[in-house]
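J.: File name query-v8.tsv; file contents TSV, C-alpha atoms; full text below.
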```
chain	number	residue	atom	x	y	z
I	244	MET	CA	-2.60	-107.32	65.68
I	245	LYS	CA	-2.23	-108.02	61.99
I	246	GLY	CA	-6.01	-108.09	61.56
I	247	SER	CA	-6.36	-104.79	63.40
I	248	THR	CA	-3.64	-103.16	61.28
I	249	LEU	CA	-5.19	-104.44	58.05
I	250	GLU	CA	-8.62	-103.15	59.15
I	251	LYS	CA	-7.18	-99.69	59.88
I	252	LYS	CA	-5.38	-99.67	56.54
I	253	ASN	CA	-8.57	-100.60	54.66
I	254	SER	CA	-10.48	-97.97	56.62
I	255	ARG	CA	-7.95	-95.27	55.67
I	256	ILE	CA	-8.07	-96.31	52.01
I	257	GLY	CA	-11.86	-96.29	52.07
I	258	TRP	CA	-12.10	-92.86	53.70
I	259	THR	CA	-9.49	-91.49	51.29
I	260	MET	CA	-11.52	-92.61	48.29
I	261	VAL	CA	-14.75	-91.21	49.79
I	262	ILE	CA	-13.11	-87.85	50.57
I	263	ILE	CA	-11.59	-87.56	47.08
I	264	ALA	CA	-14.94	-88.38	45.45
I	265	SER	CA	-16.77	-85.93	47.74
I	266	VAL	CA	-14.33	-83.12	46.94
I	267	LEU	CA	-14.66	-83.73	43.20
I	268	ILE	CA	-18.48	-83.80	43.39
I	269	LEU	CA	-18.45	-80.61	45.47
I	270	ALA	CA	-16.06	-78.86	43.09
I	271	PHE	CA	-17.61	-79.91	39.80
I	272	SER	CA	-21.29	-80.26	40.73
I	273	TYR	CA	-22.55	-78.45	43.81
I	274	ILE	CA	-20.39	-75.32	43.64
I	275	PRO	CA	-21.29	-74.73	39.94
I	276	MET	CA	-24.97	-75.24	40.89
I	277	VAL	CA	-24.73	-72.49	43.50
I	278	GLN	CA	-22.88	-70.24	41.06
I	279	ALA	CA	-25.55	-70.87	38.42
I	280	PHE	CA	-28.28	-69.91	40.91
I	281	LEU	CA	-26.47	-66.68	41.77
I	282	LEU	CA	-26.07	-66.05	38.04
I	283	SER	CA	-29.82	-66.52	37.57
I	284	LEU	CA	-30.39	-63.53	39.85
I	285	LYS	CA	-28.44	-61.22	37.51
I	286	THR	CA	-29.71	-59.40	34.44
I	287	GLY	CA	-27.90	-57.87	31.46
I	288	LYS	CA	-26.23	-58.84	28.22
I	289	GLY	CA	-22.94	-60.68	27.92
I	290	ASN	CA	-20.65	-59.90	30.83
I	291	ASN	CA	-22.43	-56.65	31.71
I	292	LEU	CA	-24.49	-58.17	34.49
I	293	THR	CA	-26.14	-56.52	37.46
I	294	PHE	CA	-28.14	-57.93	40.33
I	295	GLY	CA	-31.80	-58.12	39.34
I	296	GLY	CA	-33.31	-60.35	42.01
I	297	VAL	CA	-36.17	-62.47	40.68
I	298	ALA	CA	-36.53	-60.38	37.50
I	299	ASN	CA	-35.48	-63.27	35.28
I	300	TYR	CA	-38.04	-65.58	36.87
I	301	VAL	CA	-40.79	-62.96	36.48
I	302	ARG	CA	-39.80	-62.53	32.83
I	303	MET	CA	-40.65	-66.17	32.11
I	304	LEU	CA	-44.31	-65.53	32.88
I	305	ASN	CA	-44.60	-63.46	29.70
I	306	ASP	CA	-41.98	-65.23	27.60
I	307	THR	CA	-43.73	-67.03	24.73
I	308	GLY	CA	-40.46	-68.74	23.73
I	309	PHE	CA	-40.15	-70.28	27.19
I	310	LYS	CA	-43.80	-71.38	27.27
I	311	THR	CA	-43.62	-72.92	23.79
I	312	THR	CA	-40.40	-74.84	24.39
I	313	ILE	CA	-41.37	-76.12	27.84
I	314	GLY	CA	-44.74	-77.18	26.40
I	315	ASN	CA	-43.03	-79.06	23.56
I	316	THR	CA	-40.66	-80.77	25.97
I	317	LEU	CA	-43.44	-81.87	28.32
I	318	PHE	CA	-45.42	-83.12	25.31
I	319	TYR	CA	-42.50	-85.36	24.33
I	320	ALA	CA	-42.26	-86.63	27.92
I	321	VAL	CA	-45.97	-87.40	28.31
I	322	ILE	CA	-46.25	-89.29	25.00
I	323	GLN	CA	-42.85	-90.91	24.64
I	324	ILE	CA	-41.90	-92.07	28.15
I	325	PRO	CA	-44.89	-94.38	28.91
I	326	ILE	CA	-44.71	-96.01	25.47
I	327	MET	CA	-40.93	-96.41	25.64
I	328	LEU	CA	-40.84	-97.90	29.15
I	329	LEU	CA	-43.75	-100.24	28.44
I	330	LEU	CA	-42.06	-101.44	25.26
I	331	ALA	CA	-38.75	-101.87	27.10
I	332	LEU	CA	-40.50	-103.88	29.83
I	333	LEU	CA	-42.31	-106.16	27.40
I	334	VAL	CA	-39.16	-106.81	25.39
I	335	ALA	CA	-37.22	-107.56	28.60
I	336	VAL	CA	-39.85	-110.09	29.68
I	337	LEU	CA	-39.72	-111.79	26.26
I	338	LEU	CA	-35.91	-111.87	26.23
I	339	ASN	CA	-35.89	-113.34	29.73
I	340	SER	CA	-37.70	-116.44	28.50
I	341	GLU	CA	-35.66	-119.61	28.95
I	342	THR	CA	-37.09	-121.14	25.77
I	343	LEU	CA	-36.09	-118.26	23.47
I	344	LYS	CA	-33.24	-119.04	21.08
I	345	LEU	CA	-30.51	-116.54	20.03
I	346	LYS	CA	-31.23	-114.26	23.00
I	347	GLY	CA	-27.77	-112.70	22.81
I	348	PHE	CA	-28.31	-111.74	19.18
I	349	TYR	CA	-31.70	-110.17	19.88
I	350	ARG	CA	-30.37	-108.23	22.87
I	351	THR	CA	-27.54	-106.83	20.81
I	352	CYS	CA	-29.85	-105.78	17.97
I	353	ILE	CA	-32.30	-104.05	20.35
I	354	PHE	CA	-29.56	-102.32	22.34
I	355	LEU	CA	-27.57	-101.22	19.27
I	356	PRO	CA	-29.65	-98.08	18.43
I	357	CYS	CA	-28.75	-96.37	21.71
I	358	VAL	CA	-25.05	-96.39	20.82
I	359	THR	CA	-25.70	-95.03	17.34
I	360	SER	CA	-24.50	-91.49	16.65
I	361	PRO	CA	-27.36	-88.93	16.96
I	362	ILE	CA	-26.37	-87.42	13.62
I	363	SER	CA	-26.37	-90.80	11.88
I	364	TYR	CA	-29.79	-91.84	13.05
I	365	ALA	CA	-31.18	-88.32	12.46
I	366	ILE	CA	-30.16	-88.67	8.81
I	367	LEU	CA	-31.74	-92.13	8.78
I	368	PHE	CA	-35.10	-90.86	10.10
I	369	LYS	CA	-35.01	-87.83	7.81
I	370	ASN	CA	-34.73	-90.18	4.84
I	371	ILE	CA	-37.38	-92.57	6.15
I	372	PHE	CA	-39.91	-89.76	6.71
I	373	ALA	CA	-38.98	-87.67	3.66
I	374	THR	CA	-41.66	-86.93	1.05
I	375	ASP	CA	-40.03	-89.58	-1.15
I	376	GLY	CA	-39.11	-91.81	1.79
I	377	VAL	CA	-40.15	-95.30	2.82
I	378	VAL	CA	-43.09	-94.24	5.02
I	379	ASN	CA	-44.75	-92.15	2.32
I	380	HIS	CA	-44.09	-94.86	-0.25
I	381	VAL	CA	-45.83	-97.49	1.93
I	382	LEU	CA	-48.78	-95.22	2.77
I	383	LEU	CA	-49.27	-94.35	-0.89
I	384	SER	CA	-49.01	-97.96	-2.02
I	385	ILE	CA	-51.73	-99.17	0.39
I	386	GLY	CA	-53.97	-96.17	-0.40
I	387	LEU	CA	-54.03	-94.50	3.01
I	388	ILE	CA	-52.93	-91.16	1.55
I	389	ASN	CA	-53.33	-89.53	-1.88
I	390	SER	CA	-50.19	-87.38	-1.78
I	391	PRO	CA	-46.91	-87.51	0.17
I	392	ILE	CA	-46.85	-85.98	3.66
I	393	ALA	CA	-44.04	-83.57	4.53
I	394	PHE	CA	-43.54	-85.07	7.99
I	395	ILE	CA	-40.48	-83.01	8.95
I	396	LEU	CA	-42.07	-79.74	7.80
I	397	ASP	CA	-45.45	-80.29	9.47
I	398	PRO	CA	-45.73	-78.85	13.04
I	399	VAL	CA	-47.66	-81.86	14.35
I	400	TRP	CA	-46.10	-84.72	12.39
I	401	ALA	CA	-42.59	-83.44	13.12
I	402	LYS	CA	-43.20	-83.92	16.86
I	403	PHE	CA	-44.27	-87.52	16.32
I	404	VAL	CA	-41.25	-88.21	14.13
I	405	ILE	CA	-39.05	-87.10	17.04
I	406	ILE	CA	-41.04	-89.26	19.46
I	407	ILE	CA	-40.70	-92.32	17.21
I	408	ALA	CA	-36.96	-91.66	16.89
I	409	LEU	CA	-36.59	-91.40	20.67
I	410	ILE	CA	-38.52	-94.63	21.26
I	411	TRP	CA	-36.40	-96.43	18.65
I	412	ARG	CA	-33.17	-95.14	20.15
I	413	TYR	CA	-33.73	-95.53	23.90
I	414	SER	CA	-36.09	-98.49	24.39
I	415	GLY	CA	-33.15	-100.90	24.25
I	416	TYR	CA	-31.27	-98.84	26.82
I	417	TYR	CA	-34.03	-99.08	29.43
I	418	MET	CA	-34.65	-102.72	28.49
I	419	ILE	CA	-31.23	-103.52	29.99
I	420	PHE	CA	-32.35	-102.31	33.44
I	421	PHE	CA	-35.51	-104.43	33.38
I	422	LEU	CA	-33.69	-107.45	32.00
I	423	SER	CA	-30.99	-107.24	34.69
I	424	ALA	CA	-33.62	-107.19	37.43
I	425	LEU	CA	-35.50	-110.13	35.90
I	426	GLN	CA	-32.33	-112.21	35.55
I	427	ASN	CA	-31.51	-111.64	39.22
I	428	THR	CA	-34.93	-112.92	40.27
I	429	ASP	CA	-35.05	-116.42	41.72
I	430	LYS	CA	-36.69	-118.69	39.15
I	431	SER	CA	-38.18	-120.80	41.94
I	432	VAL	CA	-40.67	-117.99	42.65
I	433	TYR	CA	-42.21	-118.41	39.18
I	434	GLU	CA	-42.04	-122.19	39.43
I	435	ALA	CA	-43.95	-122.12	42.73
I	436	ALA	CA	-46.57	-119.81	41.23
I	437	LYS	CA	-46.94	-122.11	38.23
I	438	ILE	CA	-47.43	-125.11	40.51
I	439	ASP	CA	-50.16	-123.16	42.34
I	440	GLY	CA	-51.95	-122.66	39.02
I	441	ALA	CA	-50.93	-119.07	38.18
I	442	ASN	CA	-51.00	-118.22	34.48
I	443	PHE	CA	-48.67	-115.79	32.66
I	444	ARG	CA	-50.86	-112.74	33.30
I	445	GLN	CA	-51.17	-113.48	37.03
I	446	SER	CA	-47.42	-114.10	37.36
I	447	PHE	CA	-46.68	-110.88	35.50
I	448	PHE	CA	-48.86	-108.63	37.65
I	449	LYS	CA	-48.42	-110.43	40.99
I	450	ILE	CA	-44.69	-111.27	40.79
I	451	THR	CA	-42.89	-109.47	37.96
I	452	MET	CA	-44.37	-106.00	38.47
I	453	PRO	CA	-43.74	-105.86	42.26
I	454	ILE	CA	-40.17	-107.05	41.71
I	455	LEU	CA	-39.60	-104.40	39.01
I	456	LYS	CA	-41.27	-101.58	40.98
I	457	PRO	CA	-37.95	-99.96	42.09
I	458	ILE	CA	-36.56	-100.30	38.55
I	459	ILE	CA	-39.68	-98.76	37.05
I	460	PHE	CA	-39.30	-95.80	39.41
I	461	LEU	CA	-35.58	-95.44	38.58
I	462	THR	CA	-36.03	-95.68	34.81
I	463	SER	CA	-39.00	-93.28	34.82
I	464	ILE	CA	-36.94	-90.65	36.66
I	465	MET	CA	-34.02	-91.20	34.26
I	466	ALA	CA	-36.36	-90.94	31.27
I	467	VAL	CA	-37.96	-87.71	32.54
I	468	THR	CA	-34.55	-86.17	33.22
I	469	ASN	CA	-33.21	-87.17	29.80
I	470	THR	CA	-36.33	-85.92	28.00
I	471	LEU	CA	-36.24	-82.54	29.76
I	472	GLN	CA	-32.62	-82.28	28.58
I	473	LEU	CA	-33.53	-83.31	25.02
I	474	PHE	CA	-31.29	-81.51	22.54
I	475	ASP	CA	-29.38	-83.59	19.97
I	476	GLU	CA	-32.36	-85.34	18.38
I	477	VAL	CA	-34.35	-82.15	17.81
I	478	VAL	CA	-31.40	-80.12	16.52
I	479	ASN	CA	-30.35	-82.85	14.09
I	480	LEU	CA	-33.83	-83.88	12.93
I	481	THR	CA	-35.81	-80.65	12.67
I	482	GLY	CA	-33.59	-77.86	13.97
I	483	GLY	CA	-36.48	-76.93	16.25
I	484	GLY	CA	-38.74	-76.19	13.30
I	485	PRO	CA	-40.95	-75.59	11.58
I	486	GLY	CA	-40.89	-72.32	13.48
I	487	ASN	CA	-40.69	-73.30	17.15
I	488	ALA	CA	-43.02	-76.28	16.76
I	489	THR	CA	-40.48	-78.91	17.89
I	490	ARG	CA	-38.03	-76.76	19.82
I	491	THR	CA	-37.13	-77.98	23.32
I	492	ILE	CA	-36.25	-76.12	26.49
I	493	SER	CA	-32.60	-77.26	26.28
I	494	GLU	CA	-32.34	-75.83	22.77
I	495	TYR	CA	-33.87	-72.57	24.05
I	496	ILE	CA	-31.29	-72.39	26.86
I	497	TYR	CA	-28.52	-72.98	24.33
I	498	ASP	CA	-29.87	-70.22	22.08
I	499	LEU	CA	-30.09	-67.79	25.01
I	500	SER	CA	-26.46	-68.47	25.83
I	501	PHE	CA	-24.83	-68.73	22.43
I	502	ASN	CA	-27.04	-67.98	19.41
I	503	TYR	CA	-28.83	-64.85	20.59
I	504	VAL	CA	-27.23	-61.85	22.29
I	505	PRO	CA	-25.78	-63.72	25.31
I	506	ASN	CA	-28.14	-63.55	28.28
I	507	TYR	CA	-26.46	-65.87	30.75
I	508	GLY	CA	-28.55	-64.78	33.72
I	509	TYR	CA	-31.85	-65.58	32.03
I	510	ALA	CA	-30.47	-68.85	30.62
I	511	ALA	CA	-29.43	-69.87	34.16
I	512	ALA	CA	-32.89	-68.99	35.49
I	513	VAL	CA	-34.58	-71.13	32.83
I	514	SER	CA	-32.20	-73.97	33.70
I	515	TYR	CA	-33.19	-73.75	37.35
I	516	VAL	CA	-36.88	-73.87	36.46
I	517	VAL	CA	-36.18	-77.11	34.56
I	518	LEU	CA	-34.42	-78.44	37.68
I	519	VAL	CA	-37.44	-77.57	39.83
I	520	ILE	CA	-39.76	-79.31	37.35
I	521	ILE	CA	-37.61	-82.46	37.51
I	522	VAL	CA	-37.67	-82.42	41.33
I	523	LEU	CA	-41.44	-81.94	41.43
I	524	ILE	CA	-42.05	-84.74	38.92
I	525	THR	CA	-39.74	-87.01	40.94
I	526	ILE	CA	-41.69	-86.31	44.14
I	527	VAL	CA	-45.01	-86.98	42.41
I	528	GLN	CA	-43.72	-90.22	40.88
I	529	LYS	CA	-42.42	-91.33	44.27
I	530	LYS	CA	-45.81	-90.70	45.85
I	531	VAL	CA	-47.70	-92.42	43.03
I	532	THR	CA	-45.49	-95.52	42.99
I	533	GLY	CA	-45.41	-95.66	46.77
I	534	ASP	CA	-41.62	-95.93	46.65
I	535	HIS	CA	-40.77	-94.61	50.10
I	536	ASP	CA	-38.84	-95.74	53.12
I	537	GLU	CA	-40.92	-97.63	55.61
```
Would you put the structure from the file into structure tokens?
T.:
Amino acid sequence: MKGSTLEKKNSRIGWTMVIIASVLILAFSYIPMVQAFLLSLKTGKGNNLTFGGVANYVRMLNDTGFKTTIGNTLFYAVIQIPIMLLLALLVAVLLNSETLKLKGFYRTCIFLPCVTSPISYAILFKNIFATDGVVNHVLLSIGLINSPIAFILDPVWAKFVIIIALIWRYSGYYMIFFLSALQNTDKSVYEAAKIDGANFRQSFFKITMPILKPIIFLTSIMAVTNTLQLFDEVVNLTGGGPGNATRTISEYIYDLSFNYVPNYGYAAAVSYVVLVIIVLITIVQKKVTGDHDE
């Protein structure tokens, strides 16, 4: 009887926690999502909104600001994410080595940038890539350039400065996911492969990569989502300039809501398009990686 009573008590506690969590998620996530979708169907300025159907979505087809910012954001994603995840994976494999000394120190140093304030490291990268900064000084000293490059003020170079900053900041964050998966892998698998004559390359592609496949899928989705929501780095580093050369879709949504004449309906519509893009990319990644339920 005591066991039955304890089981019922634990069941009630469990269901109570699930219900509370479900109510909070419904109240603070799903209901606002529905409200945002309904808002995206309204047109007007400020609070003077009227139902406009799909007018906001049609407007995007001719909106150069939307096209430029979504193009910039996707450019960051295509260039930065593969490099960042590959770097994070390689570093995780190196730090998982049993022969490496001071692993804790190296892990801390590599992870530290992702907890750095966006403003602090924006100032750091502004100074590094300034016309009188370290990068220009090195390039001039080895003769690769004849005059300093205004990295932050150049439409092309400014994008790559942001990409380098993102890789520096977030590689250590995604390294933790790969490293956790590697540390939970039974070492006897690698020992058996080594006995069978497998070299490092064969072990990496035949053992490590299949083991990390779910983590690669998870981190790639997280990276895509975070990049499509990119805001702090661009605002602090370039302010979206020069012109709209580095401006992201999140910055555009913010401007539509707060910096321009408030157009909440259109801002909500743009936000939903970003959501659809994330869902579509997730589906494609799932198909490509073959990560599906058998």
J.: Skip Pro356 of chain I itself and residues of its chain fewer than 3 positions away, then list as a VMD selection string all residues within 8 Å of it, counting only C-alpha atoms.
T.: chain I and resid 352 to 353 359 411 to 413 415
J.: When you draw a straight line from atom CA of Pro361 of chain I to atom CA of Ser514 of chain I, how long is it in Å?
T.: 23.0 Å
J.: Just how far from atom CA of Ala320 of chain I is atom CA of Asn469 of chain I, in Å to one decimal?
T.: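 According to the coordinates, atom CA of Asn469 of chain I and atom CA of Ala320 of chain I are separated by 9.3 Å.
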J.: Between atom CA of Leu333 of chain I and atom CA of Leu422 of chain I, measure the distance and give it in Å to one decimal.
T.: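 Distance between the two atoms: 9.9 Å.
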J.: Check the smallest atom-to-atom distance from each of I:Met465, I:Glu476, I:Pro398, I:Asp498 to Ile521 of chain I using only C-alpha atoms, then report the winner.
T.: I:Met465
J.: Rank nothing, just name the residue among I:Ile492, I:Met452, I:Ile262, I:Ala335 nearest to Phe309 of chain I, using only C-alpha atoms.
T.: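 Residue with the minimum atom-to-atom distance to Phe309 of chain I: I:Ile492.
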J.: Starting from 5 Å padding per side, set up an axis-aligned box that covers all listed atoms of segment 369-384 of chain I and hand over centre and edge lengths in Å, one decimal, as JSON.
T.:
```
{"center_x": -42.0, "center_y": -92.4, "center_z": 2.9, "size_x": 24.5, "size_y": 21.0, "size_z": 19.8}
```
